[in-house]
Amino acid sequence: SVGQDADVPLDRVRVWLDVISIPQRNRSEQKLAIASLPTFASSCNYFVAVAPDTVHANTRVACGARSYRRRAWCRAEIMSCWARNGTRDMYLSTSTGLRPLAPSDEILVEALDVFGGDLTCCRRGHGNGEACDREELMLPILGLYAEIYRDREGVAEEAYGLIKPYRDRLFPKNFEYMYYEGVDQAKEENPLFGDLVEAIELAVDLDRAADDNPIRRSAVPNFTPGTSAHRGLQRRAAHFRRRRGDDEGSRRTSTSARSSGVYSERSDLSSHSSRGVLSNPFGATDGGDGTRSPHSRPPSPSRRRV
């Protein structure tokens with residue numbers, strides 16, 4: 001047992017179970033728990049992924065060790081524990097008992113590819129312009145890499161040696177954000193890590209460099225930023241502008257089709273709507289062509305009698 005292997009009494013053993021340890025209903029609390037995920041996973045002396053061969057209760061898709069390693073959230077847990085502890089005490093609990101989580105470097109690298117894993121939010125198309133979970137995971141994983149890079153000549157030498165050849169794959173600068181325009185699926189390339197990995201490396205090197213080290217006299221590169229919460233808000237605003245634009249178009253079509261002619265749209269609404277000027281959460285407005293508009297509020301949809 002774990003107690004026997006660690007030479008501690010069973011009543012001193014504590015279990016962290018991620019199924020019930022991450023809030024699911026309160027989004028703010030969930031984000032805080034996500035940010036602390038590396039701390040919890042890396043603090044575990046033993047890591048056991050319960051992944052027997054079975055069938056998913058909802059999708060009826062076969063599940064097991066391979067499906068576990070394909071999921072981005074599961075890969076994040078693996079990365080968090082491995083980055084600080086290695087794989088010695090990381091296991092899969094399968095239908096045939098415990099076995100090593102990553103029996104080879106090839107399987108381990110695949111399991112560490114957090115941002116290449118499957119995500120439910122991507123499969124559902126990020127409704128209402130919601131942020132992708134890849135964006136939520138970027139900072140915690142960047143923090144783990146910072147530790148590995150800092151200790152690359154010490155306790156993290158083996159870890160750094162493993163991921164160095166795959167750095168661009170494991171920490172991608174950009175990612176493909178998928179969403180739906182009506183019934184059609186659309187894609188756009190958004191920043192993820194940007195140049196933050198390079199920026200972290202420079203920060204660590206500067207922190208440890210002597211005063212006479214040439215690196216201190218070198219010009220700081222113009223690093224490309226990674227994803228941010230502000231970018232997510234902009235994307236949600238754009239989503240609602242597109243959706244409201246469709247609603248306005250339907251309303252105008254319905255109004256013009258009335259035979260009685262009792263109502264007409266205000267002239268300022270018609271002119272603004274033709275340019276796609278709609279409000280966003282930042283108190284300003286954008287034109288449909290992406291240009292800024294001086295109007296601080298959307299035109300009123302009120303009507304007048306003629």
# chains A, B, ... in the order shown; residues from 1 in each chain; ligands from 1
call {"tool": "select_by_dssp", "arguments": {"residues": "segment 9-55 of chain A", "states": "helix (DSSP H, G or I)", "output": "PyMOL selection string"}}
result
chain A and resi 10-12+18-21+27-35+37-43
call {"tool": "select_by_dssp", "arguments": {"residues": "segment 128-178 of chain A", "states": "strand (DSSP E or B)", "output": "list of chain:residue names"}}
result
A:Asn174, A:Phe175, A:Glu176, A:Tyr177, A:Met178
call {"tool": "closest_residue", "arguments": {"among": "A:Arg69, A:Arg134, A:His126, A:Arg84", "to": "Ile34 of chain A", "atoms": "only C-alpha atoms"}}
result
A:Arg134
call {"tool": "residues_around", "arguments": {"residues": "Gly117 of chain A", "least_positions_apart": "6", "cutoff": "9 Å", "atoms": "only C-alpha atoms", "output": "ChimeraX atom specification"}}
result
/A:69-75,110-111
call {"tool": "write_last_selection", "arguments": {"atoms": "all heavy atoms", "output": "PDB file, in the first residue's frame"}}
result
ATOM      1  N   ARG A  69      -4.954   9.847 -21.566  1.00  0.00           N
ATOM      2  CA  ARG A  69      -3.772  10.606 -21.979  1.00  0.00           C
ATOM      3  C   ARG A  69      -4.062  11.571 -23.124  1.00  0.00           C
ATOM      4  O   ARG A  69      -3.252  12.444 -23.401  1.00  0.00           O
ATOM      5  CB  ARG A  69      -2.647   9.650 -22.377  1.00  0.00           C
ATOM      6  CG  ARG A  69      -1.995   8.929 -21.205  1.00  0.00           C
ATOM      7  CD  ARG A  69      -0.648   8.341 -21.591  1.00  0.00           C
ATOM      8  NE  ARG A  69      -0.783   7.389 -22.682  1.00  0.00           N
ATOM      9  CZ  ARG A  69      -0.846   6.066 -22.531  1.00  0.00           C
ATOM     10  NH1 ARG A  69      -0.795   5.548 -21.304  1.00  0.00           N
ATOM     11  NH2 ARG A  69      -0.959   5.273 -23.562  1.00  0.00           N
ATOM     12  N   ARG A  70      -5.212  11.432 -23.784  1.00  0.00           N
ATOM     13  CA  ARG A  70      -5.545  12.348 -24.875  1.00  0.00           C
ATOM     14  C   ARG A  70      -6.161  13.651 -24.379  1.00  0.00           C
ATOM     15  O   ARG A  70      -6.131  14.654 -25.084  1.00  0.00           O
ATOM     16  CB  ARG A  70      -6.518  11.688 -25.864  1.00  0.00           C
ATOM     17  CG  ARG A  70      -5.887  10.697 -26.821  1.00  0.00           C
ATOM     18  CD  ARG A  70      -6.775  10.471 -28.030  1.00  0.00           C
ATOM     19  NE  ARG A  70      -8.107  10.014 -27.663  1.00  0.00           N
ATOM     20  CZ  ARG A  70      -8.466   8.727 -27.593  1.00  0.00           C
ATOM     21  NH1 ARG A  70      -7.565   7.783 -27.857  1.00  0.00           N
ATOM     22  NH2 ARG A  70      -9.704   8.386 -27.259  1.00  0.00           N
ATOM     23  N   ARG A  71      -6.718  13.664 -23.187  1.00  0.00           N
ATOM     24  CA  ARG A  71      -7.433  14.842 -22.699  1.00  0.00           C
ATOM     25  C   ARG A  71      -6.454  15.891 -22.164  1.00  0.00           C
ATOM     26  O   ARG A  71      -5.541  15.579 -21.402  1.00  0.00           O
ATOM     27  CB  ARG A  71      -8.437  14.464 -21.617  1.00  0.00           C
ATOM     28  CG  ARG A  71      -9.595  13.630 -22.132  1.00  0.00           C
ATOM     29  CD  ARG A  71     -10.658  13.410 -21.070  1.00  0.00           C
ATOM     30  NE  ARG A  71     -11.148  14.668 -20.526  1.00  0.00           N
ATOM     31  CZ  ARG A  71     -12.047  15.443 -21.135  1.00  0.00           C
ATOM     32  NH1 ARG A  71     -12.540  15.095 -22.307  1.00  0.00           N
ATOM     33  NH2 ARG A  71     -12.439  16.572 -20.564  1.00  0.00           N
ATOM     34  N   ALA A  72      -6.677  17.154 -22.572  1.00  0.00           N
ATOM     35  CA  ALA A  72      -5.756  18.226 -22.195  1.00  0.00           C
ATOM     36  C   ALA A  72      -5.697  18.425 -20.685  1.00  0.00           C
ATOM     37  O   ALA A  72      -4.623  18.645 -20.119  1.00  0.00           O
ATOM     38  CB  ALA A  72      -6.183  19.528 -22.877  1.00  0.00           C
ATOM     39  N   TRP A  73      -6.859  18.334 -20.009  1.00  0.00           N
ATOM     40  CA  TRP A  73      -6.855  18.533 -18.561  1.00  0.00           C
ATOM     41  C   TRP A  73      -6.077  17.425 -17.853  1.00  0.00           C
ATOM     42  O   TRP A  73      -5.384  17.675 -16.865  1.00  0.00           O
ATOM     43  CB  TRP A  73      -8.286  18.605 -18.034  1.00  0.00           C
ATOM     44  CG  TRP A  73      -8.913  19.939 -18.260  1.00  0.00           C
ATOM     45  CD1 TRP A  73      -9.915  20.233 -19.135  1.00  0.00           C
ATOM     46  CD2 TRP A  73      -8.581  21.166 -17.625  1.00  0.00           C
ATOM     47  NE1 TRP A  73     -10.226  21.566 -19.083  1.00  0.00           N
ATOM     48  CE2 TRP A  73      -9.421  22.166 -18.163  1.00  0.00           C
ATOM     49  CE3 TRP A  73      -7.643  21.523 -16.654  1.00  0.00           C
ATOM     50  CZ2 TRP A  73      -9.358  23.504 -17.767  1.00  0.00           C
ATOM     51  CZ3 TRP A  73      -7.574  22.860 -16.251  1.00  0.00           C
ATOM     52  CH2 TRP A  73      -8.431  23.818 -16.807  1.00  0.00           C
ATOM     53  N   CYS A  74      -6.206  16.219 -18.344  1.00  0.00           N
ATOM     54  CA  CYS A  74      -5.460  15.105 -17.753  1.00  0.00           C
ATOM     55  C   CYS A  74      -3.957  15.288 -18.006  1.00  0.00           C
ATOM     56  O   CYS A  74      -3.133  15.020 -17.129  1.00  0.00           O
ATOM     57  CB  CYS A  74      -5.938  13.783 -18.343  1.00  0.00           C
ATOM     58  SG  CYS A  74      -7.680  13.421 -18.010  1.00  0.00           S
ATOM     59  N   ARG A  75      -3.626  15.755 -19.178  1.00  0.00           N
ATOM     60  CA  ARG A  75      -2.215  16.024 -19.486  1.00  0.00           C
ATOM     61  C   ARG A  75      -1.658  17.132 -18.597  1.00  0.00           C
ATOM     62  O   ARG A  75      -0.484  17.096 -18.211  1.00  0.00           O
ATOM     63  CB  ARG A  75      -2.066  16.395 -20.959  1.00  0.00           C
ATOM     64  CG  ARG A  75      -2.352  15.237 -21.911  1.00  0.00           C
ATOM     65  CD  ARG A  75      -2.167  15.646 -23.361  1.00  0.00           C
ATOM     66  NE  ARG A  75      -2.364  14.511 -24.256  1.00  0.00           N
ATOM     67  CZ  ARG A  75      -2.120  14.538 -25.570  1.00  0.00           C
ATOM     68  NH1 ARG A  75      -1.676  15.647 -26.134  1.00  0.00           N
ATOM     69  NH2 ARG A  75      -2.324  13.459 -26.306  1.00  0.00           N
ATOM     70  N   GLU A 110       4.125  12.561 -25.255  1.00  0.00           N
ATOM     71  CA  GLU A 110       2.739  12.689 -25.706  1.00  0.00           C
ATOM     72  C   GLU A 110       1.844  13.142 -24.551  1.00  0.00           C
ATOM     73  O   GLU A 110       0.987  14.015 -24.712  1.00  0.00           O
ATOM     74  CB  GLU A 110       2.226  11.358 -26.254  1.00  0.00           C
ATOM     75  CG  GLU A 110       0.761  11.409 -26.683  1.00  0.00           C
ATOM     76  CD  GLU A 110       0.185  10.034 -26.957  1.00  0.00           C
ATOM     77  OE1 GLU A 110       0.565   9.079 -26.238  1.00  0.00           O
ATOM     78  OE2 GLU A 110      -0.641   9.918 -27.868  1.00  0.00           O
ATOM     79  N   ALA A 111       2.052  12.569 -23.368  1.00  0.00           N
ATOM     80  CA  ALA A 111       1.232  12.908 -22.203  1.00  0.00           C
ATOM     81  C   ALA A 111       1.515  14.318 -21.698  1.00  0.00           C
ATOM     82  O   ALA A 111       0.666  14.922 -21.048  1.00  0.00           O
ATOM     83  CB  ALA A 111       1.470  11.900 -21.086  1.00  0.00           C
TER      84      ALA A 111
END
call {"tool": "residues_around", "arguments": {"residues": "segment 212-216 of chain A", "least_positions_apart": "4", "cutoff": "9 Å", "atoms": "only C-alpha atoms", "output": "MDAnalysis selection string"}}
result
chainID A and resid 202 205:206
call {"tool": "closest_residue", "arguments": {"among": "A:Leu144, A:Ala62, A:Leu162, A:Val220", "to": "Ile107 of chain A", "atoms": "only C-alpha atoms"}}
result
A:Leu162
call {"tool": "closest_residue", "arguments": {"among": "A:Ala219, A:Ala146, A:Leu119, A:Ile163", "to": "Val204 of chain A", "atoms": "only C-alpha atoms"}}
result
A:Ala146
call {"tool": "residues_around", "arguments": {"residues": "segment 182-193 of chain A", "least_positions_apart": "3", "cutoff": "12 Å", "atoms": "only C-alpha atoms", "output": "PyMOL selection string"}}
result
chain A and resi 115+122-129+131-143+145+167-179+196-200+223-229+231-232+235+239+242-243+246
call {"tool": "residues_around", "arguments": {"residues": "Thr94 of chain A", "least_positions_apart": "3", "cutoff": "6 Å", "atoms": "only C-alpha atoms", "output": "count of residues only"}}
result
3
